[in-house]
Amino acid sequence: MSQKELSPGLEGVPVAESAISFIDGQNARLEYRGIAVETLARESCFEETAWLLLKGDLPTQKELAEFDDQLRHHRRIKYKLKDILKCLPENGHPMNAMQAGVAAIGMFYPARDVSDPKKNWESVVRIIAKLPTIVAAFHRLRYGDEAIQPRDDLDHAANFYYMLFEREPSPAVRKALDACLILHAEHTMNASTFCGRVTGSTLADPYTVVSAAIGTLTGPLHGGANERVLEMLKEIGTKENVRPWLEQAIAEKRKIMGLGHRVYKVKDPRATVLQELAERVFAETSRPALYDIAVELEKVAADKLGAKGIYPNVDFYSGIVYQALGIPSDLFTPIFAIARVAGWLAHWLEQLKNNRIYRPSQIYVGQRNRDYVPLEQRP
Ligand code: ACO
């Protein structure tokens with residue numbers, strides 16, 4: 001098959017057959033393995049959702065208990081890895097520390113042979129279990145604090161919170177964090193997932209796959225947008241300033257962070273759930289002024305950009321929820337990665353089942369058959 005027409009950003013070009021998640025962008029529908037994400041955010045937990053994504057079905061009680069045990073068992077990271085994290089610049093972004101950390105774990109647990117499903121599963125468990133520990137350790141170490149050992153008696157979300165703050169979350173905070181992990185766990189063929197599949201298609205090891213995907217998630221047009229949303233809301237400053245600020249941004253053709261999506265042409269269903277979560281968290285904390293600015297921005301943007309199908313995406317409210325939980329803004333995207341790793345690895349396993357290396361074509365627009373001019377003859 002030869003495709004002669006370029007589709008910038010591969011818009012509308014299928015790059016794989018996948019049974020992992022489904023989006024109906026006109027009807028605000030996102031399903032993981034056929035189950036609505038809102039239902040999972042309400043009823044499930046991250047561990048169960050990760051299993052669903054990775055294995056295709058909800059786990060039995062025994063399967064979930066064993067998976068949960070395995071995750072708890074593999075949370076610890078080696079002292080040498082902590083030393084590596086300690087040596088990284090404290091002002092560096094935690095996404096880069098996370099990327100380096102995952103690549104380093106791959107050196108401690110070599111997994112070059114990806115033909116053995118049992119070994120692949122061990123890598124999957126190890127990566128999902130250790131990512132929160134890497135992020136929390138880097139966060140503590142960069143402020144000169146000791147990294148906190150994971151606690152086996154806490155679930156994935158609660159343990160991550162504990163490793164950051166050395167205290168357990170309240171039930172409402174734990175539920176909010178767990179639901180955020182579920183909502184970010186998978187999202188069809190987005191940039192980082194595609195990057196992971198491309199890397200996986202070369203039969204690279206899973207640590208390299210995840211490290212590549214983390215790098216892709218870093219950008220402000222993808223996972224990095226949640227951090228930028230808070231900066232933007234701070235810049236807007238007041239509810240009254242929303243309309244003039246937005247009108248000016250539109251006139252200057254600036255992209256409004258947290259709005260718009262390649263697939264959703266209505267409000268992203270995850271943004272709706274996150275907004276509900278935010279309101280529940282504010283019942284415990286106080287309602288931040290930035291939230292009122294965000295609500296107003298959503299309203300005015302619907303008026304100004306709604307006709308183009310530009311509505312809040314997942315990043316619009318996630319930063320506000322994390323901020324209310326006391327999480328520093330440069331950890332927002334790492335939390336996204338801690339969740340999305342389940343989806344990346346589900347895609348990696350799916351890719352390996354029927355692998356063919358990605359090798360797309362291009363439309364060459366450069367010159368041809370040029371002469372080489374020796375250096376001494378050039379000006
Ligand atoms: N603010 C203002 N206008 C926008 C926005 C926005 N956030 N998003 C899209 N548009 C406009 C574009 O200017 C363009 O208008 P035009 O046709 O008049 O030129 C039109 O909508 C189409 O925009 P594209 O950039 O071509 O859309 P694309 O599908 O390539 O990009 C993206 C999608 C990257 C998400 C874009 O909407 C964006 O940059 N949003 C802001 C960043 C953001 O929130 N990213 C997080 C996405 S969700 C995630 O990755 C987790």
# chains A, B, ... in the order shown; residues from 1 in each chain; ligands from 1
$ closest_atom_pairs --of "chain A" --to "ligand 1" --cutoff "6 Å" --atoms "only C-alpha atoms and all ligand atoms" --output "JSON lines"
{"residue": "A:Leu221", "atom": "CA", "partner": "ligand 1", "partner_atom_place_in_ligand_line": "45 (N)", "distance": 4.1}
{"residue": "A:His222", "atom": "CA", "partner": "ligand 1", "partner_atom_place_in_ligand_line": "50 (O)", "distance": 3.3}
{"residue": "A:Gly223", "atom": "CA", "partner": "ligand 1", "partner_atom_place_in_ligand_line": "51 (C)", "distance": 4.8}
{"residue": "A:Ala225", "atom": "CA", "partner": "ligand 1", "partner_atom_place_in_ligand_line": "45 (N)", "distance": 4.9}
{"residue": "A:Lys255", "atom": "CA", "partner": "ligand 1", "partner_atom_place_in_ligand_line": "1 (N)", "distance": 3.6}
{"residue": "A:Ile256", "atom": "CA", "partner": "ligand 1", "partner_atom_place_in_ligand_line": "1 (N)", "distance": 3.8}
{"residue": "A:Met257", "atom": "CA", "partner": "ligand 1", "partner_atom_place_in_ligand_line": "44 (O)", "distance": 4.2}
{"residue": "A:Gly258", "atom": "CA", "partner": "ligand 1", "partner_atom_place_in_ligand_line": "44 (O)", "distance": 3.3}
{"residue": "A:Leu259", "atom": "CA", "partner": "ligand 1", "partner_atom_place_in_ligand_line": "7 (N)", "distance": 4.1}
{"residue": "A:Gly260", "atom": "CA", "partner": "ligand 1", "partner_atom_place_in_ligand_line": "37 (O)", "distance": 3.5}
{"residue": "A:His261", "atom": "CA", "partner": "ligand 1", "partner_atom_place_in_ligand_line": "35 (C)", "distance": 4.1}
{"residue": "A:Arg262", "atom": "CA", "partner": "ligand 1", "partner_atom_place_in_ligand_line": "29 (O)", "distance": 3.5}
{"residue": "A:Asn313", "atom": "CA", "partner": "ligand 1", "partner_atom_place_in_ligand_line": "48 (S)", "distance": 5.5}
{"residue": "A:Val314", "atom": "CA", "partner": "ligand 1", "partner_atom_place_in_ligand_line": "48 (S)", "distance": 5.9}
$ residues_around --residues "A:Asp68" --least-positions-apart "2" --cutoff "9 Å" --atoms "only C-alpha atoms" --output "list in words"
Glu47, Glu48, Glu63, Leu64, Ala65, Glu66, Gln70, Leu71, Arg72, His73, Asp155 and His156 of chain A
$ atom_distance --atom1 "atom CA of A:Ala41" --atom2 "atom CA of A:Val281"
14.8 Å
$ residues_around --residues "A:Asp113" --least-positions-apart "5" --cutoff "10 Å" --atoms "only C-alpha atoms" --output "list in words"
Lys119, Asn120, Leu203, Ala204, Asp205 and Pro206 of chain A
$ select_by_dssp --residues "stretch 11-119 of chain A" --states "strand (DSSP E or B)" --output "VMD selection string"
chain A and resid 21 to 24 29 to 32 35 to 36
$ select_by_dssp --residues "stretch 225-293 of chain A" --states "alpha helix (DSSP H)" --output "JSON, numbers by chain"
{"A": [225, 226, 227, 228, 229, 230, 231, 232, 233, 234, 235, 236, 242, 243, 244, 245, 246, 247, 248, 249, 250, 251, 269, 270, 271, 272, 273, 274, 275, 276, 277, 278, 279, 280, 281, 282, 289, 290, 291, 292, 293]}
$ residues_around --residues "A:Leu177" --least-positions-apart "5" --cutoff "9 Å" --atoms "only C-alpha atoms" --output "PDB file with C-alpha atoms, in the first residue's frame"
ATOM      1  CA  ALA A 157      -2.117   5.652  45.560  1.00  0.00           C
ATOM      2  CA  ALA A 158      -1.851   5.936  49.345  1.00  0.00           C
ATOM      3  CA  TYR A 161       1.232  10.041  48.813  1.00  0.00           C
ATOM      4  CA  ALA A 172     -11.111  11.403  50.419  1.00  0.00           C
ATOM      5  CA  ILE A 182      -7.434   5.578  36.809  1.00  0.00           C
ATOM      6  CA  VAL A 321      -7.006  18.802  42.050  1.00  0.00           C
ATOM      7  CA  TYR A 322      -3.306  18.028  42.576  1.00  0.00           C
ATOM      8  CA  LEU A 325      -3.830  17.800  47.515  1.00  0.00           C
TER       9      LEU A 325
END
$ residues_around --residues "stretch 237-244 of chain A" --least-positions-apart "3" --cutoff "12 Å" --atoms "only C-alpha atoms" --output "list in words"
Leu230, Glu231, Met232, Leu233, Lys234, Glu247, Gln248, Ala249, Ile250, Ala251, Ile256, Pro288, Ala289, Leu290, Tyr291, Asp292, Ile293, Ala294, Val295, Glu296, Leu297, Glu298, Lys299, Val300, Ala301, Ala302, Asp303 and Lys304 of chain A
$ closest_residue --among "A:Glu5, A:Glu166, A:Asp268, A:Glu279" --to "A:Asn27" --atoms "only C-alpha atoms"
A:Asp268
$ closest_residue --among "A:Ile127, A:Met95, A:Asp57, A:Arg140" --to "A:Phe108" --atoms "only C-alpha atoms"
A:Ile127
$ residues_around --residues "A:Ala278" --least-positions-apart "2" --cutoff "8 Å" --atoms "only C-alpha atoms" --output "list in words"
Leu274, Gln275, Glu276, Arg280, Val281, Phe282, Tyr317, Ile320, Val321 and Ala324 of chain A
$ atom_distance --atom1 "atom CA of A:Leu85" --atom2 "atom CA of A:Ser329"
19.3 Å
$ closest_atom_pairs --of "stretch 13-36 of chain A" --to "stretch 346-369 of chain A" --cutoff "9 Å" --atoms "only C-alpha atoms" --output "CSV"
residue,atom,partner,partner_atom,distance
A:Val15,CA,A:Tyr358,CA,8.8
A:Ala16,CA,A:Gln351,CA,8.4
A:Ser18,CA,A:Glu350,CA,7.5
A:Ala19,CA,A:Glu350,CA,8.5
A:Ile20,CA,A:Ala346,CA,7.4
